[in-house]
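**Q** My questions all concern the structure below.
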Amino acid sequence: MKTVEQVMTRNVETLQAEQSLREAIALLQRHHIRHAPVVTGDAVVGILTDRDIKRATPSLLTGIDQAEYDKVLNGTQVAQVMTRNPFTVTPSMPLKDALKILIDRKFGAMPVVESNRLVGIITDIDMLRAFHEMLDE
């Protein structure tokens with residue numbers, strides 16, 4: 001039986017709670033990702049998703065001017081918009097159990113934690129990749 005550790009992403013891009021929303025957006029775009037754990041040291045304190053960012057960012061279509069838009073991006077900290085205390089899984093968790101959590105809770109990703117330390121992230125794309133590999137078996 002496969003475990004989370006076998007399919008998780010190990011090299012995780014992380015954010016600090018004090019970083020600006022602009023810095024967070026740049027990180028997600030630069031690495032083509034939709035989720036980033038927020039850490040203090042190695043401890044996970046939150047997760048920031050593209051959905052969190054969309055909720056916190058004003059739309060330029062509402063008539064807000066560029067200066068006000070920039071003020072929001074530069075003046076908003078990750079801690080203000082992140083999902084606090086995210087649901088986490090362990091590397092040894094059976095993949096089937098982790099998949100059930102993603103489905104039931106409609107999550108796109110979960111940090112993988114061992115001994116209170118971030119060791120990876122498991123995403124919906126990781127799950128699809130594992131499923132694709134199983135179809136080739």
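Residues are referred to by chain and number: the chain letter is A, B, ... according to the order shown in the structure tokens, the number counts from 1 in that chain, and ligands are numbered separately from 1 in the order shown.
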Using the chain letters and numbers from this document, which residues of chain A does DSSP assign to alpha helix (DSSP H), as a PDB file with N, CA and C atoms, in the first residue's frame?
**A**
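What ended up in out_22.pdb:
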```
ATOM      1  N   VAL A   4       1.815   8.456   1.847  1.00  0.00           N
ATOM      2  CA  VAL A   4       1.969   9.859   1.476  1.00  0.00           C
ATOM      3  C   VAL A   4       3.417  10.153   1.087  1.00  0.00           C
ATOM      4  N   GLU A   5       4.349   9.613   1.842  1.00  0.00           N
ATOM      5  CA  GLU A   5       5.773   9.866   1.611  1.00  0.00           C
ATOM      6  C   GLU A   5       6.214   9.484   0.196  1.00  0.00           C
ATOM      7  N   GLN A   6       5.584   8.479  -0.372  1.00  0.00           N
ATOM      8  CA  GLN A   6       5.981   8.001  -1.702  1.00  0.00           C
ATOM      9  C   GLN A   6       5.563   8.937  -2.834  1.00  0.00           C
ATOM     10  N   VAL A   7       4.603   9.802  -2.597  1.00  0.00           N
ATOM     11  CA  VAL A   7       4.122  10.678  -3.684  1.00  0.00           C
ATOM     12  C   VAL A   7       4.167  12.166  -3.356  1.00  0.00           C
ATOM     13  N   LEU A  21       1.561  40.219   0.923  1.00  0.00           N
ATOM     14  CA  LEU A  21       0.756  39.517  -0.063  1.00  0.00           C
ATOM     15  C   LEU A  21       1.441  39.579  -1.430  1.00  0.00           C
ATOM     16  N   ARG A  22       2.072  40.709  -1.749  1.00  0.00           N
ATOM     17  CA  ARG A  22       2.798  40.841  -3.023  1.00  0.00           C
ATOM     18  C   ARG A  22       3.919  39.797  -3.121  1.00  0.00           C
ATOM     19  N   GLU A  23       4.673  39.615  -2.036  1.00  0.00           N
ATOM     20  CA  GLU A  23       5.745  38.616  -2.027  1.00  0.00           C
ATOM     21  C   GLU A  23       5.182  37.209  -2.191  1.00  0.00           C
ATOM     22  N   ALA A  24       4.060  36.944  -1.549  1.00  0.00           N
ATOM     23  CA  ALA A  24       3.426  35.625  -1.644  1.00  0.00           C
ATOM     24  C   ALA A  24       2.975  35.342  -3.075  1.00  0.00           C
ATOM     25  N   ILE A  25       2.336  36.315  -3.704  1.00  0.00           N
ATOM     26  CA  ILE A  25       1.874  36.147  -5.081  1.00  0.00           C
ATOM     27  C   ILE A  25       3.063  35.883  -5.992  1.00  0.00           C
ATOM     28  N   ALA A  26       4.139  36.624  -5.788  1.00  0.00           N
ATOM     29  CA  ALA A  26       5.339  36.444  -6.611  1.00  0.00           C
ATOM     30  C   ALA A  26       5.899  35.031  -6.455  1.00  0.00           C
ATOM     31  N   LEU A  27       5.928  34.517  -5.224  1.00  0.00           N
ATOM     32  CA  LEU A  27       6.441  33.160  -4.987  1.00  0.00           C
ATOM     33  C   LEU A  27       5.584  32.116  -5.698  1.00  0.00           C
ATOM     34  N   LEU A  28       4.265  32.224  -5.552  1.00  0.00           N
ATOM     35  CA  LEU A  28       3.374  31.254  -6.192  1.00  0.00           C
ATOM     36  C   LEU A  28       3.525  31.303  -7.710  1.00  0.00           C
ATOM     37  N   GLN A  29       3.602  32.498  -8.264  1.00  0.00           N
ATOM     38  CA  GLN A  29       3.742  32.629  -9.715  1.00  0.00           C
ATOM     39  C   GLN A  29       5.092  32.111 -10.196  1.00  0.00           C
ATOM     40  N   ARG A  30       6.145  32.468  -9.495  1.00  0.00           N
ATOM     41  CA  ARG A  30       7.500  32.073  -9.888  1.00  0.00           C
ATOM     42  C   ARG A  30       7.651  30.551  -9.940  1.00  0.00           C
ATOM     43  N   HIS A  31       7.012  29.856  -9.005  1.00  0.00           N
ATOM     44  CA  HIS A  31       7.168  28.400  -8.914  1.00  0.00           C
ATOM     45  C   HIS A  31       5.977  27.636  -9.503  1.00  0.00           C
ATOM     46  N   ASP A  50      -4.126  29.951  -3.492  1.00  0.00           N
ATOM     47  CA  ASP A  50      -4.538  30.939  -4.490  1.00  0.00           C
ATOM     48  C   ASP A  50      -5.942  31.446  -4.179  1.00  0.00           C
ATOM     49  N   ARG A  51      -6.766  30.630  -3.592  1.00  0.00           N
ATOM     50  CA  ARG A  51      -8.118  31.049  -3.206  1.00  0.00           C
ATOM     51  C   ARG A  51      -8.081  32.094  -2.085  1.00  0.00           C
ATOM     52  N   ASP A  52      -7.188  31.909  -1.119  1.00  0.00           N
ATOM     53  CA  ASP A  52      -7.021  32.906  -0.053  1.00  0.00           C
ATOM     54  C   ASP A  52      -6.618  34.247  -0.659  1.00  0.00           C
ATOM     55  N   ILE A  53      -5.715  34.203  -1.610  1.00  0.00           N
ATOM     56  CA  ILE A  53      -5.236  35.427  -2.257  1.00  0.00           C
ATOM     57  C   ILE A  53      -6.358  36.103  -3.025  1.00  0.00           C
ATOM     58  N   LYS A  54      -7.140  35.339  -3.764  1.00  0.00           N
ATOM     59  CA  LYS A  54      -8.257  35.920  -4.525  1.00  0.00           C
ATOM     60  C   LYS A  54      -9.270  36.585  -3.605  1.00  0.00           C
ATOM     61  N   ARG A  55      -9.524  35.965  -2.453  1.00  0.00           N
ATOM     62  CA  ARG A  55     -10.463  36.552  -1.484  1.00  0.00           C
ATOM     63  C   ARG A  55      -9.947  37.864  -0.913  1.00  0.00           C
ATOM     64  N   ALA A  56      -8.635  37.971  -0.742  1.00  0.00           N
ATOM     65  CA  ALA A  56      -8.047  39.133  -0.076  1.00  0.00           C
ATOM     66  C   ALA A  56      -7.669  40.264  -1.027  1.00  0.00           C
ATOM     67  N   GLN A  66      -4.702  51.832  -9.311  1.00  0.00           N
ATOM     68  CA  GLN A  66      -3.487  51.035  -9.156  1.00  0.00           C
ATOM     69  C   GLN A  66      -2.781  51.321  -7.831  1.00  0.00           C
ATOM     70  N   ALA A  67      -2.769  52.571  -7.409  1.00  0.00           N
ATOM     71  CA  ALA A  67      -2.098  52.931  -6.151  1.00  0.00           C
ATOM     72  C   ALA A  67      -2.752  52.235  -4.956  1.00  0.00           C
ATOM     73  N   GLU A  68      -4.081  52.207  -4.937  1.00  0.00           N
ATOM     74  CA  GLU A  68      -4.796  51.550  -3.837  1.00  0.00           C
ATOM     75  C   GLU A  68      -4.578  50.029  -3.898  1.00  0.00           C
ATOM     76  N   TYR A  69      -4.587  49.490  -5.091  1.00  0.00           N
ATOM     77  CA  TYR A  69      -4.329  48.055  -5.294  1.00  0.00           C
ATOM     78  C   TYR A  69      -2.942  47.698  -4.752  1.00  0.00           C
ATOM     79  N   ASP A  70      -1.939  48.478  -5.131  1.00  0.00           N
ATOM     80  CA  ASP A  70      -0.573  48.241  -4.660  1.00  0.00           C
ATOM     81  C   ASP A  70      -0.475  48.374  -3.149  1.00  0.00           C
ATOM     82  N   LYS A  71      -1.213  49.315  -2.588  1.00  0.00           N
ATOM     83  CA  LYS A  71      -1.214  49.515  -1.138  1.00  0.00           C
ATOM     84  C   LYS A  71      -1.723  48.256  -0.423  1.00  0.00           C
ATOM     85  N   VAL A  72      -2.764  47.644  -0.971  1.00  0.00           N
ATOM     86  CA  VAL A  72      -3.302  46.410  -0.382  1.00  0.00           C
ATOM     87  C   VAL A  72      -2.266  45.289  -0.477  1.00  0.00           C
ATOM     88  N   LEU A  73      -1.669  45.110  -1.651  1.00  0.00           N
ATOM     89  CA  LEU A  73      -0.699  44.018  -1.836  1.00  0.00           C
ATOM     90  C   LEU A  73       0.533  44.194  -0.951  1.00  0.00           C
ATOM     91  N   ASN A  74       0.997  45.421  -0.825  1.00  0.00           N
ATOM     92  CA  ASN A  74       2.204  45.679  -0.030  1.00  0.00           C
ATOM     93  C   ASN A  74       1.918  45.756   1.465  1.00  0.00           C
ATOM     94  N   GLY A  75       0.716  46.161   1.837  1.00  0.00           N
ATOM     95  CA  GLY A  75       0.389  46.375   3.239  1.00  0.00           C
ATOM     96  C   GLY A  75      -0.296  45.215   3.938  1.00  0.00           C
ATOM     97  N   VAL A  78       0.842  38.002   4.980  1.00  0.00           N
ATOM     98  CA  VAL A  78       0.369  36.635   4.764  1.00  0.00           C
ATOM     99  C   VAL A  78      -0.470  36.173   5.956  1.00  0.00           C
ATOM    100  N   ALA A  79      -0.053  36.506   7.171  1.00  0.00           N
ATOM    101  CA  ALA A  79      -0.769  36.077   8.382  1.00  0.00           C
ATOM    102  C   ALA A  79      -2.214  36.546   8.395  1.00  0.00           C
ATOM    103  N   GLN A  80      -2.506  37.655   7.719  1.00  0.00           N
ATOM    104  CA  GLN A  80      -3.863  38.196   7.722  1.00  0.00           C
ATOM    105  C   GLN A  80      -4.815  37.413   6.824  1.00  0.00           C
ATOM    106  N   VAL A  81      -4.299  36.695   5.850  1.00  0.00           N
ATOM    107  CA  VAL A  81      -5.175  36.038   4.877  1.00  0.00           C
ATOM    108  C   VAL A  81      -5.001  34.525   4.801  1.00  0.00           C
ATOM    109  N   LEU A  95      -1.807   6.435   1.498  1.00  0.00           N
ATOM    110  CA  LEU A  95      -2.212   7.390   0.475  1.00  0.00           C
ATOM    111  C   LEU A  95      -3.724   7.422   0.323  1.00  0.00           C
ATOM    112  N   LYS A  96      -4.348   6.270   0.433  1.00  0.00           N
ATOM    113  CA  LYS A  96      -5.807   6.186   0.315  1.00  0.00           C
ATOM    114  C   LYS A  96      -6.501   7.057   1.367  1.00  0.00           C
ATOM    115  N   ASP A  97      -5.972   7.061   2.591  1.00  0.00           N
ATOM    116  CA  ASP A  97      -6.559   7.872   3.670  1.00  0.00           C
ATOM    117  C   ASP A  97      -6.378   9.366   3.400  1.00  0.00           C
ATOM    118  N   ALA A  98      -5.196   9.737   2.920  1.00  0.00           N
ATOM    119  CA  ALA A  98      -4.942  11.145   2.597  1.00  0.00           C
ATOM    120  C   ALA A  98      -5.845  11.606   1.458  1.00  0.00           C
ATOM    121  N   LEU A  99      -6.032  10.752   0.470  1.00  0.00           N
ATOM    122  CA  LEU A  99      -6.907  11.088  -0.656  1.00  0.00           C
ATOM    123  C   LEU A  99      -8.339  11.297  -0.183  1.00  0.00           C
ATOM    124  N   LYS A 100      -8.780  10.455   0.732  1.00  0.00           N
ATOM    125  CA  LYS A 100     -10.145  10.601   1.264  1.00  0.00           C
ATOM    126  C   LYS A 100     -10.314  11.953   1.956  1.00  0.00           C
ATOM    127  N   ILE A 101      -9.305  12.392   2.697  1.00  0.00           N
ATOM    128  CA  ILE A 101      -9.366  13.700   3.360  1.00  0.00           C
ATOM    129  C   ILE A 101      -9.460  14.810   2.313  1.00  0.00           C
ATOM    130  N   LEU A 102      -8.611  14.742   1.283  1.00  0.00           N
ATOM    131  CA  LEU A 102      -8.655  15.760   0.226  1.00  0.00           C
ATOM    132  C   LEU A 102     -10.039  15.825  -0.417  1.00  0.00           C
ATOM    133  N   ILE A 103     -10.623  14.681  -0.680  1.00  0.00           N
ATOM    134  CA  ILE A 103     -11.947  14.623  -1.321  1.00  0.00           C
ATOM    135  C   ILE A 103     -13.032  15.126  -0.373  1.00  0.00           C
ATOM    136  N   ASP A 104     -13.069  14.555   0.837  1.00  0.00           N
ATOM    137  CA  ASP A 104     -14.139  14.899   1.786  1.00  0.00           C
ATOM    138  C   ASP A 104     -14.114  16.366   2.200  1.00  0.00           C
ATOM    139  N   ARG A 105     -12.927  16.918   2.379  1.00  0.00           N
ATOM    140  CA  ARG A 105     -12.811  18.302   2.849  1.00  0.00           C
ATOM    141  C   ARG A 105     -12.616  19.298   1.703  1.00  0.00           C
ATOM    142  N   ASP A 124      -3.348  17.819  -4.805  1.00  0.00           N
ATOM    143  CA  ASP A 124      -4.225  17.094  -5.718  1.00  0.00           C
ATOM    144  C   ASP A 124      -3.454  16.646  -6.963  1.00  0.00           C
ATOM    145  N   ILE A 125      -2.501  17.436  -7.399  1.00  0.00           N
ATOM    146  CA  ILE A 125      -1.694  17.058  -8.566  1.00  0.00           C
ATOM    147  C   ILE A 125      -0.796  15.867  -8.237  1.00  0.00           C
ATOM    148  N   ASP A 126      -0.222  15.821  -7.033  1.00  0.00           N
ATOM    149  CA  ASP A 126       0.565  14.657  -6.613  1.00  0.00           C
ATOM    150  C   ASP A 126      -0.297  13.394  -6.664  1.00  0.00           C
ATOM    151  N   MET A 127      -1.553  13.523  -6.207  1.00  0.00           N
ATOM    152  CA  MET A 127      -2.472  12.382  -6.212  1.00  0.00           C
ATOM    153  C   MET A 127      -2.791  11.941  -7.639  1.00  0.00           C
ATOM    154  N   LEU A 128      -3.043  12.901  -8.504  1.00  0.00           N
ATOM    155  CA  LEU A 128      -3.335  12.557  -9.898  1.00  0.00           C
ATOM    156  C   LEU A 128      -2.130  11.898 -10.569  1.00  0.00           C
ATOM    157  N   ARG A 129      -0.940  12.390 -10.261  1.00  0.00           N
ATOM    158  CA  ARG A 129       0.284  11.789 -10.814  1.00  0.00           C
ATOM    159  C   ARG A 129       0.414  10.341 -10.346  1.00  0.00           C
ATOM    160  N   ALA A 130       0.145  10.088  -9.070  1.00  0.00           N
ATOM    161  CA  ALA A 130       0.231   8.725  -8.535  1.00  0.00           C
ATOM    162  C   ALA A 130      -0.813   7.828  -9.194  1.00  0.00           C
ATOM    163  N   PHE A 131      -2.006   8.351  -9.387  1.00  0.00           N
ATOM    164  CA  PHE A 131      -3.061   7.590 -10.044  1.00  0.00           C
ATOM    165  C   PHE A 131      -2.661   7.266 -11.491  1.00  0.00           C
ATOM    166  N   HIS A 132      -2.106   8.219 -12.167  1.00  0.00           N
ATOM    167  CA  HIS A 132      -1.658   8.022 -13.548  1.00  0.00           C
ATOM    168  C   HIS A 132      -0.600   6.925 -13.626  1.00  0.00           C
ATOM    169  N   GLU A 133       0.340   6.942 -12.672  1.00  0.00           N
ATOM    170  CA  GLU A 133       1.370   5.905 -12.637  1.00  0.00           C
ATOM    171  C   GLU A 133       0.769   4.529 -12.379  1.00  0.00           C
ATOM    172  N   MET A 134      -0.250   4.461 -11.534  1.00  0.00           N
ATOM    173  CA  MET A 134      -0.893   3.183 -11.234  1.00  0.00           C
ATOM    174  C   MET A 134      -1.618   2.639 -12.461  1.00  0.00           C
ATOM    175  N   LEU A 135      -2.117   3.526 -13.292  1.00  0.00           N
ATOM    176  CA  LEU A 135      -2.795   3.068 -14.524  1.00  0.00           C
ATOM    177  C   LEU A 135      -1.805   2.429 -15.483  1.00  0.00           C
ATOM    178  N   ASP A 136      -0.540   2.838 -15.407  1.00  0.00           N
ATOM    179  CA  ASP A 136       0.475   2.272 -16.283  1.00  0.00           C
ATOM    180  C   ASP A 136       0.988   0.925 -15.796  1.00  0.00           C
TER     181      ASP A 136
END
```
**Q** Can you pull out every residue within 7 Å of Thr9 (chain A), counting only C-alpha atoms, but drop anything in the same chain fewer than 5 positions away, and send it as a PyMOL selection string?
**A** chain A and resi 120-122
**Q** Could you save the residues just selected, with C-alpha atoms, as a CSV table (one decimal), in the first residue's frame?
**A**
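And here's part-v8.csv as it stands now:
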```csv
chain,number,residue,atom,x,y,z
A,120,GLY,CA,6.6,17.9,2.4
A,121,ILE,CA,3.3,18.8,0.9
A,122,ILE,CA,0.7,16.5,-0.7
```
**Q** Quick check, in Å to one decimal: how far apart do CA of Ala17 (chain A) and CA of Leu60 (chain A) lie?
**A** 25.4 Å
**Q** Using only C-alpha atoms, which of the listed residues (A:Lys106, A:Asp65, A:Thr57, A:Asp42) sits closest to Gln77 (chain A)?
**A**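 Looking at the shortest contact to Gln77 (chain A), the residue is A:Thr57.
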**Q** Could you jot down the CA of Gly63 (chain A) to CA of Glu18 (chain A) separation for me, Å, one decimal place?
**A**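 So the two atoms, CA of Gly63 (chain A) and CA of Glu18 (chain A), lie 28.4 Å apart.
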**Q** What is the CA of Ile33 (chain A) to CA of Thr62 (chain A) distance in Å?
**A** 26.7 Å
**Q** Could you list, as a list in words, every residue within 9 Å of Arg84 (chain A), counting only C-alpha atoms and ignoring same-chain residues fewer than 5 positions away?
**A**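 Selected residues are Val38, Val45, Gly46, Ile47, Leu48 and Ala79 of chain A.
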**Q** Which one of A:Met1, A:Val44, A:Met93, A:Met8 sits closest to Ala109 (chain A) if you count only C-alpha atoms?
**A**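 Among the listed residues, the smallest separation from Ala109 (chain A) belongs to A:Met8.
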